[in-house]
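Shown below: query-v6.cif, with mmCIF, C-alpha atoms.
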data_model
loop_
_atom_site.label_atom_id
_atom_site.label_comp_id
_atom_site.auth_asym_id
_atom_site.auth_seq_id
_atom_site.Cartn_x
_atom_site.Cartn_y
_atom_site.Cartn_z
CA MET U 1021 11.99 -19.10 -5.95
CA ILE U 1022 9.39 -16.31 -5.85
CA VAL U 1023 5.86 -17.23 -6.91
CA LEU U 1024 3.90 -14.27 -8.23
CA PRO U 1025 0.17 -14.00 -7.52
CA LEU U 1026 -2.21 -14.62 -10.43
CA ALA U 1027 -3.41 -11.00 -10.50
CA LEU U 1028 0.17 -9.78 -10.90
CA LEU U 1029 0.89 -12.30 -13.66
CA LEU U 1030 -2.22 -11.17 -15.52
CA ALA U 1031 -1.24 -7.53 -15.10
CA ALA U 1032 2.29 -8.27 -16.31
CA ALA U 1033 0.96 -10.16 -19.33
CA ASP U 1034 -1.37 -7.27 -20.08
CA THR U 1035 1.58 -4.87 -20.24
CA LEU U 1036 3.27 -6.87 -23.00
CA ALA U 1037 0.89 -5.39 -25.56
CA LEU U 1038 1.14 -1.87 -24.12
CA PRO U 1039 3.73 0.84 -24.80
CA THR U 1040 5.98 2.00 -21.99
CA PRO U 1041 4.30 4.99 -20.28
CA ASP U 1042 5.89 8.34 -21.05
CA PRO U 1043 6.59 10.54 -17.98
CA LEU U 1044 6.93 13.53 -20.33
CA ALA U 1045 3.13 13.57 -20.53
CA LEU U 1046 2.95 14.52 -16.83
CA PRO U 1047 2.36 18.09 -15.61
CA VAL U 1048 5.52 19.98 -14.66
CA ALA U 1049 6.33 20.72 -11.02
CA LYS U 1050 7.36 24.17 -9.83
CA VAL U 1051 11.13 24.10 -9.15
CA THR U 1052 13.10 26.78 -7.28
CA VAL U 1053 16.84 26.77 -6.60
CA ASP U 1054 18.12 28.52 -3.46
CA GLU U 1055 21.81 28.84 -4.34
CA LYS U 1056 22.72 30.43 -1.01
CA ALA U 1057 21.19 27.63 1.07
CA LYS U 1058 22.12 24.99 -1.55
CA GLU U 1059 18.53 23.75 -1.61
CA ILE U 1060 16.21 22.73 -4.46
CA LEU U 1061 12.48 23.22 -3.77
CA ILE U 1062 9.96 21.10 -5.71
CA ASP U 1063 6.30 22.04 -5.26
CA LEU U 1064 3.47 19.68 -6.22
CA PRO U 1065 0.05 21.16 -7.08
CA GLY U 1066 -2.06 21.95 -4.03
CA ILE U 1067 -5.18 19.95 -3.19
CA PRO U 1068 -8.00 20.40 -0.65
CA LEU U 1069 -7.90 18.15 2.41
CA GLU U 1070 -11.06 17.47 4.36
CA ALA U 1071 -10.87 16.64 8.07
CA HIS U 1072 -10.53 12.93 8.90
CA THR U 1073 -9.47 12.02 5.36
CA GLY U 1074 -7.71 8.68 5.43
CA HIS U 1075 -5.11 7.81 2.82
CA HIS U 1076 -7.38 4.99 1.64
CA GLY U 1077 -10.58 6.97 2.12
CA GLY U 1078 -12.44 9.57 0.11
CA GLY U 1079 -12.06 13.32 0.07
CA GLY U 1080 -8.87 13.63 -1.97
CA GLY U 1081 -5.39 12.85 -0.70
CA PHE U 1082 -3.48 12.47 -3.99
CA PRO U 1083 -1.74 15.47 -5.59
CA PRO U 1084 -1.11 14.98 -9.30
CA VAL U 1085 2.02 13.03 -10.22
CA VAL U 1086 4.49 15.55 -11.66
CA ARG U 1087 7.79 15.62 -13.56
CA PHE U 1088 10.68 18.04 -13.61
CA GLU U 1089 14.18 18.43 -14.98
CA PHE U 1090 16.91 18.57 -12.34
CA PRO U 1091 18.12 22.19 -12.44
CA VAL U 1092 21.85 21.85 -11.59
CA ASP U 1093 24.81 19.47 -11.74
CA ALA U 1094 25.06 18.33 -8.14
CA ALA U 1095 25.27 15.58 -5.53
CA LEU U 1096 22.23 15.14 -3.26
CA TYR U 1097 22.87 14.44 0.42
CA GLY U 1098 19.63 15.28 2.27
CA PHE U 1099 15.93 16.05 2.07
CA ARG U 1100 12.81 17.07 3.95
CA VAL U 1101 9.12 17.36 3.05
CA GLU U 1102 6.92 20.29 4.05
CA ILE U 1103 3.16 20.78 3.71
CA LEU U 1104 2.16 24.41 3.08
CA ASP U 1105 -1.02 26.40 2.55
CA LYS U 1106 -1.43 28.75 -0.42
CA THR U 1107 0.17 31.64 1.53
CA GLY U 1108 3.30 29.59 2.26
CA LYS U 1109 2.41 28.95 5.91
CA LYS U 1110 3.51 25.55 7.20
CA LEU U 1111 0.74 23.05 7.91
CA PRO U 1112 1.07 20.06 10.29
CA ASP U 1113 3.72 17.54 9.24
CA GLY U 1114 1.19 14.78 10.00
CA LEU U 1115 -0.70 15.61 6.79
CA LEU U 1116 1.98 13.77 4.83
CA HIS U 1117 1.47 10.06 4.37
CA HIS U 1118 4.38 9.66 1.96
CA LEU U 1119 6.23 11.14 -0.98
CA ASN U 1120 8.33 9.30 -3.59
CA LEU U 1121 10.94 10.79 -5.89
CA ILE U 1122 11.49 8.48 -8.88
CA ASP U 1123 14.21 8.25 -11.52
CA PRO U 1124 12.69 6.53 -14.60
CA GLU U 1125 16.03 6.41 -16.47
CA ASN U 1126 17.84 4.12 -14.01
CA ARG U 1127 16.82 0.84 -12.37
CA GLU U 1128 16.43 -0.17 -8.75
CA LEU U 1129 19.31 -2.08 -7.15
CA PHE U 1130 17.22 -5.22 -6.48
CA LEU U 1131 14.63 -4.97 -9.29
CA PRO U 1132 14.50 -3.90 -12.97
CA ILE U 1133 12.01 -1.09 -12.16
CA SER U 1134 12.47 2.69 -11.98
CA ARG U 1135 14.86 3.76 -9.23
CA ARG U 1136 13.38 5.43 -6.16
CA VAL U 1137 15.74 8.30 -5.39
CA MET U 1138 14.14 9.00 -2.03
CA ALA U 1139 10.90 8.63 -0.16
CA SER U 1140 9.52 10.17 2.98
CA GLY U 1141 6.77 8.93 5.28
CA LYS U 1142 4.97 10.62 8.14
CA GLU U 1143 7.65 9.47 10.58
CA THR U 1144 10.73 10.16 8.43
CA GLY U 1145 11.41 13.79 9.24
CA GLU U 1146 14.44 15.63 7.86
CA GLN U 1147 17.26 13.37 6.72
CA ARG U 1148 20.85 14.40 5.99
CA LEU U 1149 24.01 12.46 5.30
CA PRO U 1150 27.45 13.92 5.98
CA TRP U 1151 27.77 16.08 2.85
CA PHE U 1152 31.52 15.57 2.57
CA LEU U 1153 31.20 11.75 2.73
CA PHE U 1154 28.15 10.71 0.68
CA GLY U 1155 26.10 12.11 -2.16
CA LEU U 1156 24.03 10.93 -5.13
CA PRO U 1157 25.31 12.49 -8.37
CA VAL U 1158 22.52 13.95 -10.52
CA ARG U 1159 23.19 15.71 -13.80
CA LYS U 1160 21.50 18.91 -14.87
CA GLY U 1161 18.49 18.10 -17.06
CA ALA U 1162 17.90 14.63 -15.60
CA LEU U 1163 14.21 13.68 -15.66
CA LEU U 1164 12.64 12.96 -12.25
CA VAL U 1165 9.06 12.16 -11.19
CA ALA U 1166 7.43 13.06 -7.85
CA SER U 1167 4.36 11.33 -6.42
CA ALA U 1168 2.75 12.06 -3.05
CA MET U 1169 -0.08 10.84 -0.85
CA LEU U 1170 -1.62 13.04 1.85
CA HIS U 1171 -4.11 12.33 4.61
CA ASN U 1172 -5.77 14.46 7.27
CA PRO U 1173 -6.33 12.87 10.68
CA THR U 1174 -7.13 16.29 12.24
CA ASP U 1175 -10.47 18.01 12.87
CA VAL U 1176 -9.57 20.88 10.51
CA ASP U 1177 -10.48 21.24 6.82
CA TYR U 1178 -7.65 22.63 4.69
CA GLU U 1179 -8.61 24.60 1.60
CA GLU U 1180 -5.30 23.87 -0.10
CA ALA U 1181 -2.35 21.72 0.95
CA ILE U 1182 0.83 22.07 -1.12
CA THR U 1183 3.46 19.32 -0.88
CA ARG U 1184 7.01 20.66 -1.05
CA LEU U 1185 10.12 18.49 -1.35
CA VAL U 1186 13.35 20.21 -0.32
CA LEU U 1187 16.61 18.63 -1.55
CA ASN U 1188 20.03 19.51 -0.09
CA TYR U 1189 22.88 19.46 -2.59
CA VAL U 1190 26.59 20.05 -3.11
CA PRO U 1191 27.53 21.58 -6.50
CA ALA U 1192 29.32 19.16 -8.83
CA SER U 1193 32.20 21.64 -9.06
CA ARG U 1194 33.18 20.84 -5.45
CA PRO U 1195 35.63 18.00 -4.65
CA TRP U 1196 33.06 16.42 -2.33
CA PRO U 1197 31.45 14.03 -1.52
CA PHE U 1198 34.06 11.32 -1.03
CA TRP U 1199 31.75 8.38 -1.93
CA GLU U 1200 28.87 8.03 -4.37
CA GLY U 1201 25.90 7.10 -2.22
CA ALA U 1202 22.94 5.62 -4.07
CA PRO U 1203 19.52 4.81 -2.58
CA PHE U 1204 18.19 1.26 -2.44
CA GLN U 1205 15.10 -0.46 -1.12
CA LEU U 1206 13.72 -3.93 -0.50
CA ASP U 1207 10.00 -4.25 0.09
CA VAL U 1208 8.03 -7.30 1.22
CA GLY U 1209 5.43 -6.12 -1.31
CA PHE U 1210 7.81 -6.28 -4.28
CA PRO U 1211 7.94 -6.54 -7.24
CA VAL U 1212 5.29 -4.02 -8.39
CA GLY U 1213 1.95 -2.58 -7.34
CA ASP U 1214 0.59 -1.29 -4.06
CA LYS U 1215 3.04 -2.23 -1.31
CA SER U 1216 0.47 -2.37 1.49
CA PHE U 1217 -1.19 -5.72 2.22
CA THR U 1218 -4.05 -7.17 4.25
CA LEU U 1219 -2.81 -7.83 7.78
CA PRO U 1220 -4.08 -11.14 9.16
CA ALA U 1221 -5.13 -11.50 12.79
CA GLY U 1222 -2.47 -12.63 15.24
CA VAL U 1223 1.26 -13.01 14.65
CA SER U 1224 2.36 -13.12 11.00
CA THR U 1225 5.42 -12.53 8.83
CA ARG U 1226 5.93 -11.53 5.21
CA SER U 1227 9.18 -11.71 3.22
CA TYR U 1228 10.77 -11.05 -0.16
CA GLU U 1229 14.14 -12.21 -1.52
CA ALA U 1230 16.29 -10.70 -4.27
CA SER U 1231 19.85 -10.18 -5.47
CA PRO U 1232 21.50 -6.83 -6.29
CA ALA U 1233 22.33 -5.88 -9.87
CA ILE U 1234 25.86 -4.75 -8.93
CA ALA U 1235 28.28 -5.29 -6.07
CA GLY U 1236 28.88 -2.76 -3.34
CA LYS U 1237 28.30 -2.01 0.33
CA ILE U 1238 25.28 -1.01 2.39
CA ALA U 1239 26.36 2.10 4.31
CA ALA U 1240 23.13 2.94 6.16
CA ILE U 1241 19.76 1.28 6.58
CA GLY U 1242 16.33 2.08 7.98
CA GLY U 1243 12.74 1.12 7.29
CA HIS U 1244 9.02 1.76 7.40
CA VAL U 1245 6.23 -0.30 8.96
CA HIS U 1246 2.62 0.22 9.97
CA GLU U 1247 0.92 -0.05 13.35
CA MET U 1248 1.29 -3.37 15.25
CA ALA U 1249 4.58 -4.25 13.55
CA THR U 1250 7.02 -5.88 15.95
CA LYS U 1251 10.17 -6.29 13.83
CA ILE U 1252 11.71 -5.72 10.42
CA GLU U 1253 15.05 -7.14 9.31
CA LEU U 1254 17.44 -7.78 6.44
CA ILE U 1255 19.21 -11.14 6.18
CA ASP U 1256 22.13 -12.40 4.11
CA VAL U 1257 20.56 -15.72 3.08
CA ALA U 1258 23.80 -17.53 2.19
CA GLU U 1259 25.43 -16.63 5.50
CA GLN U 1260 22.16 -16.77 7.46
CA LYS U 1261 23.41 -13.52 8.96
CA VAL U 1262 21.18 -10.71 10.17
CA ILE U 1263 22.56 -7.55 8.57
CA TRP U 1264 20.05 -5.33 10.37
CA SER U 1265 17.05 -5.87 12.63
CA ALA U 1266 14.90 -3.29 14.37
CA ALA U 1267 11.68 -2.93 16.32
CA PRO U 1268 9.64 0.21 15.57
CA THR U 1269 9.70 3.13 17.99
CA LEU U 1270 6.27 3.70 19.58
CA ASP U 1271 4.63 6.65 21.31
CA ALA U 1272 2.57 6.50 24.51
CA GLU U 1273 -0.47 5.29 22.53
CA LYS U 1274 1.65 2.55 20.87
CA ASN U 1275 1.53 4.25 17.48
CA VAL U 1276 4.58 3.80 15.26
CA VAL U 1277 6.63 7.01 15.21
CA GLY U 1278 9.78 5.66 13.57
CA VAL U 1279 12.15 2.82 12.84
CA PRO U 1280 15.76 3.11 14.09
CA ILE U 1281 18.32 3.88 11.40
CA ARG U 1282 21.66 2.08 11.57
CA LYS U 1283 24.84 3.59 10.15
CA LEU U 1284 27.24 0.90 8.94
CA TYR U 1285 30.08 3.28 8.15
CA ARG U 1286 32.86 4.77 10.21
CA LEU U 1287 36.10 6.57 9.47
CA GLY U 1288 38.03 4.48 6.97
CA SER U 1289 35.35 1.79 6.58
CA VAL U 1290 32.09 1.68 4.65
CA GLY U 1291 29.32 -0.78 5.23
CA TYR U 1292 28.26 -4.37 4.71
CA PRO U 1293 29.31 -5.94 1.36
CA ILE U 1294 26.61 -7.41 -0.89
CA ARG U 1295 27.06 -9.26 -4.20
CA PRO U 1296 24.96 -10.15 -7.26
CA ASP U 1297 25.62 -13.87 -6.74
CA ARG U 1298 23.96 -13.84 -3.31
CA THR U 1299 20.37 -13.49 -2.14
CA TYR U 1300 19.08 -11.10 0.52
CA ARG U 1301 15.78 -11.32 2.37
CA VAL U 1302 13.64 -8.61 3.94
CA THR U 1303 11.12 -9.84 6.55
CA VAL U 1304 8.52 -7.92 8.53
CA GLU U 1305 6.69 -9.32 11.55
CA TYR U 1306 3.31 -8.15 12.91
CA ASN U 1307 1.09 -8.95 15.86
CA ASN U 1308 -2.45 -7.91 14.93
CA THR U 1309 -4.27 -7.92 18.27
CA THR U 1310 -7.65 -6.80 16.90
CA GLY U 1311 -8.79 -10.36 16.20
CA ALA U 1312 -9.73 -9.55 12.59
CA PRO U 1313 -7.86 -8.92 9.30
CA ILE U 1314 -7.05 -5.27 8.52
CA GLU U 1315 -7.24 -4.26 4.87
CA ALA U 1316 -4.04 -2.46 3.77
CA GLY U 1317 -2.89 -2.70 7.38
CA GLY U 1318 0.56 -4.13 6.69
CA MET U 1319 3.69 -2.80 5.07
CA GLY U 1320 7.37 -3.58 5.38
CA VAL U 1321 10.09 -1.79 3.45
CA ILE U 1322 13.78 -1.37 4.04
CA GLY U 1323 15.60 1.56 2.50
CA GLY U 1324 19.09 2.86 2.78
CA LEU U 1325 22.34 3.99 1.27
CA PHE U 1326 24.38 1.82 -1.09
CA VAL U 1327 27.95 2.54 -2.20
CA PRO U 1328 28.83 0.80 -5.50
CA ALA U 1329 32.09 -1.15 -5.59
CA GLY U 1330 34.99 0.42 -7.46
CA GLY U 1331 34.56 0.29 -11.21
CA GLN U 1332 30.82 -0.44 -10.98
CA THR U 1333 28.45 1.86 -12.85
CA TRP U 1334 24.79 2.13 -11.99
CA PRO U 1335 22.70 0.11 -14.50
CA ALA U 1336 20.27 2.01 -16.70
CA ALA U 1337 16.64 0.96 -16.81
CA VAL U 1338 15.53 -1.42 -19.56
CA LYS U 1339 12.24 0.25 -20.46
CA SER U 1340 10.95 -2.74 -22.43
CA ASP U 1341 11.16 -5.00 -19.37
CA THR U 1342 7.72 -6.25 -18.33
CA LEU U 1343 8.23 -5.37 -14.66
CA TYR U 1344 9.50 -1.91 -15.61
CA VAL U 1345 6.36 -1.25 -17.67
CA ALA U 1346 4.00 -2.59 -14.99
CA ASP U 1347 5.73 -0.51 -12.31
CA ALA U 1348 5.69 2.65 -14.43
CA ARG U 1349 1.98 2.26 -15.10
CA HIS U 1350 1.45 1.89 -11.37
CA PHE U 1351 3.34 4.97 -10.15
CA LEU U 1352 1.96 7.04 -13.05
CA ARG U 1353 -1.56 5.86 -12.03
CA ILE U 1354 -2.43 4.39 -15.44
CA LYS U 1355 -5.08 1.70 -15.35
CA ALA U 1356 -4.77 -1.52 -17.33
CA LYS U 1357 -7.25 -4.36 -17.74
CA ALA U 1358 -5.89 -6.48 -14.91
CA GLU U 1359 -4.53 -3.68 -12.72
CA ALA U 1360 -6.14 -1.96 -9.77
CA ALA U 1361 -3.74 0.97 -10.47
CA ALA U 1362 -3.76 2.23 -6.90
CA PRO U 1363 -1.56 5.28 -6.39
CA GLU U 1364 2.12 4.65 -5.65
CA HIS U 1365 2.26 3.57 -2.03
CA GLY U 1366 5.71 2.94 -0.69
CA HIS U 1367 8.44 4.27 1.55
CA ASN U 1368 12.18 4.27 2.02
CA HIS U 1369 14.48 6.32 4.10
#
Conversion result in structure tokens:
Amino acid sequence: MIVLPLALLLAAADTLALPTPDPLALPVAKVTVDEKAKEILIDLPGIPLEAHTGHHGGGGGFPPVVRFEFPVDAALYGFRVEILDKTGKKLPDGLLHHLNLIDPENRELFLPISRRVMASGKETGEQRLPWFLFGLPVRKGALLVASAMLHNPTDVDYEEAITRLVLNYVPASRPWPFWEGAPFQLDVGFPVGDKSFTLPAGVSTRSYEASPAIAGKIAAIGGHVHEMATKIELIDVAEQKVIWSAAPTLDAEKNVVGVPIRKLYRLGSVGYPIRPDRTYRVTVEYNNTTGAPIEAGGMGVIGGLFVPAGGQTWPAAVKSDTLYVADARHFLRIKAKAEAAAPEHGHNH
């Protein structure tokens, strides 16, 4: 059983008397289709970035949340995020803290909130699946929402930083991909709200358990953690089986530069089966060696590729659901009486 904190319960109760937020009220992103390269470019409005701007500090860092209509009938199989100046020149990749692409019409696999189509963190880099094997079908005109967070650890002030999401696609007229590949995530900070948490001193763990809405197989899995994380894993609770476990990759200064991605598919076989009648647990472990708690120092999210079982259709979002409303108010940055309404802060890969 999951016990929700009092602040979350109050926030959820507060949403009962509030209408579901309308993404159509958001500003519209600039969308460009490169038919030759089979790429869709989504540009968020540019913002200034002062030197040494932390993602929880002052000086900006949050481009406006935007909406757009998907411009073609296609299957998505890859993405990358670029940060540009107003002339189109690339800025350092390290200015990105994260970007989330959200589908408010469909639900998450493990929660009745808006589906996260993809997310990229500072360590994610370019990601591509085999285009002939996996792809996420998206219809022309589908409503999507993009939300980003930037930071600037450099000594340079940037007059304008433009966040660009580049999506790789296969036209729907092609006979590929072979399997529908849908994104999923499990976060130790679920169900809604800011996914970062105060990291206690010493060794600690944080977990969350949930069951999927439909049956299928996990085809690939990765994750995101913050500094001083030692492990993140996904467990089949009924079997007490570790589906995936990984320690973060560190650089020479022991900063997290990535989390290993595991592919659970091979020719003729796809992934680890999961079912709605079973529970799955994500756990992240940290060793905070500073001797003091670190505010917003912890995070643990698993993201990956899910292939629905034959005959299963992806469930639509129930927009009257209390968690759906609370989550939508969070990623749209709408304050409520009992909400802190911090900007959307989460990752998946």
What separation in Å, quoted to one decimal, exists between atom CA of U:Ala1235 and atom CA of U:Val1158? 20.6 Å
Which residues are close to stretch 1252-1263 of chain U, i.e. within 8 Å by all atoms listed in the file, leaving aside same-chain residues fewer than 4 positions away? Reply as a ChimeraX atom specification. /U:1243,1245,1267,1292,1298-1305,1320,1322
Run the PyMOL selection byres ((chain U and resi 1201) around 12) on the file and write out the hits as a ChimeraX atom specification. /U:1095-1098,1137-1138,1149-1158,1196-1200,1202-1204,1236-1240,1285,1290-1291,1324-1329,1334
Restrict the selected residues to C-alpha atoms and save them as an mmCIF file, keeping the file's coordinate frame.
data_model
loop_
_atom_site.group_PDB
_atom_site.id
_atom_site.type_symbol
_atom_site.label_atom_id
_atom_site.label_comp_id
_atom_site.auth_asym_id
_atom_site.auth_seq_id
_atom_site.Cartn_x
_atom_site.Cartn_y
_atom_site.Cartn_z
ATOM 1 C CA ALA U 1095 25.270 15.580 -5.530
ATOM 2 C CA LEU U 1096 22.230 15.140 -3.260
ATOM 3 C CA TYR U 1097 22.870 14.440 0.420
ATOM 4 C CA GLY U 1098 19.630 15.280 2.270
ATOM 5 C CA VAL U 1137 15.740 8.300 -5.390
ATOM 6 C CA MET U 1138 14.140 9.000 -2.030
ATOM 7 C CA LEU U 1149 24.010 12.460 5.300
ATOM 8 C CA PRO U 1150 27.450 13.920 5.980
ATOM 9 C CA TRP U 1151 27.770 16.080 2.850
ATOM 10 C CA PHE U 1152 31.520 15.570 2.570
ATOM 11 C CA LEU U 1153 31.200 11.750 2.730
ATOM 12 C CA PHE U 1154 28.150 10.710 0.680
ATOM 13 C CA GLY U 1155 26.100 12.110 -2.160
ATOM 14 C CA LEU U 1156 24.030 10.930 -5.130
ATOM 15 C CA PRO U 1157 25.310 12.490 -8.370
ATOM 16 C CA VAL U 1158 22.520 13.950 -10.520
ATOM 17 C CA TRP U 1196 33.060 16.420 -2.330
ATOM 18 C CA PRO U 1197 31.450 14.030 -1.520
ATOM 19 C CA PHE U 1198 34.060 11.320 -1.030
ATOM 20 C CA TRP U 1199 31.750 8.380 -1.930
ATOM 21 C CA GLU U 1200 28.870 8.030 -4.370
ATOM 22 C CA ALA U 1202 22.940 5.620 -4.070
ATOM 23 C CA PRO U 1203 19.520 4.810 -2.580
ATOM 24 C CA PHE U 1204 18.190 1.260 -2.440
ATOM 25 C CA GLY U 1236 28.880 -2.760 -3.340
ATOM 26 C CA LYS U 1237 28.300 -2.010 0.330
ATOM 27 C CA ILE U 1238 25.280 -1.010 2.390
ATOM 28 C CA ALA U 1239 26.360 2.100 4.310
ATOM 29 C CA ALA U 1240 23.130 2.940 6.160
ATOM 30 C CA TYR U 1285 30.080 3.280 8.150
ATOM 31 C CA VAL U 1290 32.090 1.680 4.650
ATOM 32 C CA GLY U 1291 29.320 -0.780 5.230
ATOM 33 C CA GLY U 1324 19.090 2.860 2.780
ATOM 34 C CA LEU U 1325 22.340 3.990 1.270
ATOM 35 C CA PHE U 1326 24.380 1.820 -1.090
ATOM 36 C CA VAL U 1327 27.950 2.540 -2.200
ATOM 37 C CA PRO U 1328 28.830 0.800 -5.500
ATOM 38 C CA ALA U 1329 32.090 -1.150 -5.590
ATOM 39 C CA TRP U 1334 24.790 2.130 -11.990
#
Could you check which of U:Ile1314, U:Leu1104, U:Leu1119, U:Val1186 is closest to U:Val1053, using all atoms listed in the file?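 Smallest separation from U:Val1053 among the options: U:Val1186.
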Between atom CA of U:Gly1317 and atom CA of U:His1350, measure the distance and give it in Å to one decimal.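 Pair atom CA of U:Gly1317 / atom CA of U:His1350 returns 19.8 Å.
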Separation of atom CA of U:Asp1105 and atom CA of U:Ala1049, in Å?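 Separating atom CA of U:Asp1105 from atom CA of U:Ala1049 is a distance of 16.4 Å.
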Could you tell me which residues the PyMOL selection byres ((chain U and resi 1315) around 7) returns for this structure, as a PyMOL selection string? chain U and resi 1217-1219+1313-1314+1316-1317
To test your reading of the syntax: which residues would the PyMOL selection byres ((chain U and resi 1120) around 6) return for the file shown? Reply as a ChimeraX atom specification. /U:1119,1121,1139,1166-1167
Extending 5 Å beyond the listed atoms of stretch 1337-1353 of chain U on each side, what axis-aligned box results? I want centre and edge lengths in Å to one decimal, as lines of an AutoDock Vina configuration file.
center_x = 7.5
center_y = 0.4
center_z = -16.3
size_x = 28.2
size_y = 23.3
size_z = 22.3
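A search radius of 8 Å centred on (18.2, 0.9, -17.9), applied to only C-alpha atoms, returns the residues U:Glu1125, U:Asn1126, U:Arg1127, U:Pro1132, U:Pro1335, U:Ala1336, U:Ala1337, U:Val1338, U:Lys1339.
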Residue neighbourhood U:Leu1044, 10 Å, only C-alpha atoms, exclusion window fewer than 5 positions, as a PyMOL selection string: chain U and resi 1086-1088+1163-1165
Just C-alpha atoms for this one: save the residues we selected as a short mmCIF file (atom, residue, chain, number, x, y, z; two decimals), keeping the file's coordinate frame.
data_model
loop_
_atom_site.label_atom_id
_atom_site.label_comp_id
_atom_site.auth_asym_id
_atom_site.auth_seq_id
_atom_site.Cartn_x
_atom_site.Cartn_y
_atom_site.Cartn_z
CA VAL U 1086 4.49 15.55 -11.66
CA ARG U 1087 7.79 15.62 -13.56
CA PHE U 1088 10.68 18.04 -13.61
CA LEU U 1163 14.21 13.68 -15.66
CA LEU U 1164 12.64 12.96 -12.25
CA VAL U 1165 9.06 12.16 -11.19
#
List the neighbours of stretch 1055-1067 of chain U out to 10 Å using only C-alpha atoms; skip same-chain residues closer than 3 positions along the sequence, and give me the result as a PyMOL selection string. chain U and resi 1047-1052+1070+1080-1088+1090-1092+1094+1096+1098-1106+1166-1168+1170+1178-1191
For U:Thr1040, the nearest of the candidates U:Met1169, U:Ile1241, U:Leu1116, U:Ile1133, counting only C-alpha atoms: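 Distance minimum relative to U:Thr1040 lands on U:Ile1133.
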Give me, as JSON, numbers by chain, all polymer residues having an atom no more than 8 Å from U:Leu1343, counting all atoms listed in the file and skipping those fewer than 2 positions away in the same chain. {"U": [1032, 1132, 1133, 1211, 1212, 1341, 1345, 1346, 1347]}
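Shortest separation to U:Thr1250 among U:Ser1340, U:Thr1107, U:Thr1225, U:Ser1231 occurs at residue U:Thr1225, atoms counted being only C-alpha atoms.
Of the listed residues U:Arg1282, U:Lys1251, U:Phe1351, U:Leu1111, the one whose atoms come nearest to U:Thr1269 is U:Lys1251, with distances taken using all atoms listed in the file.
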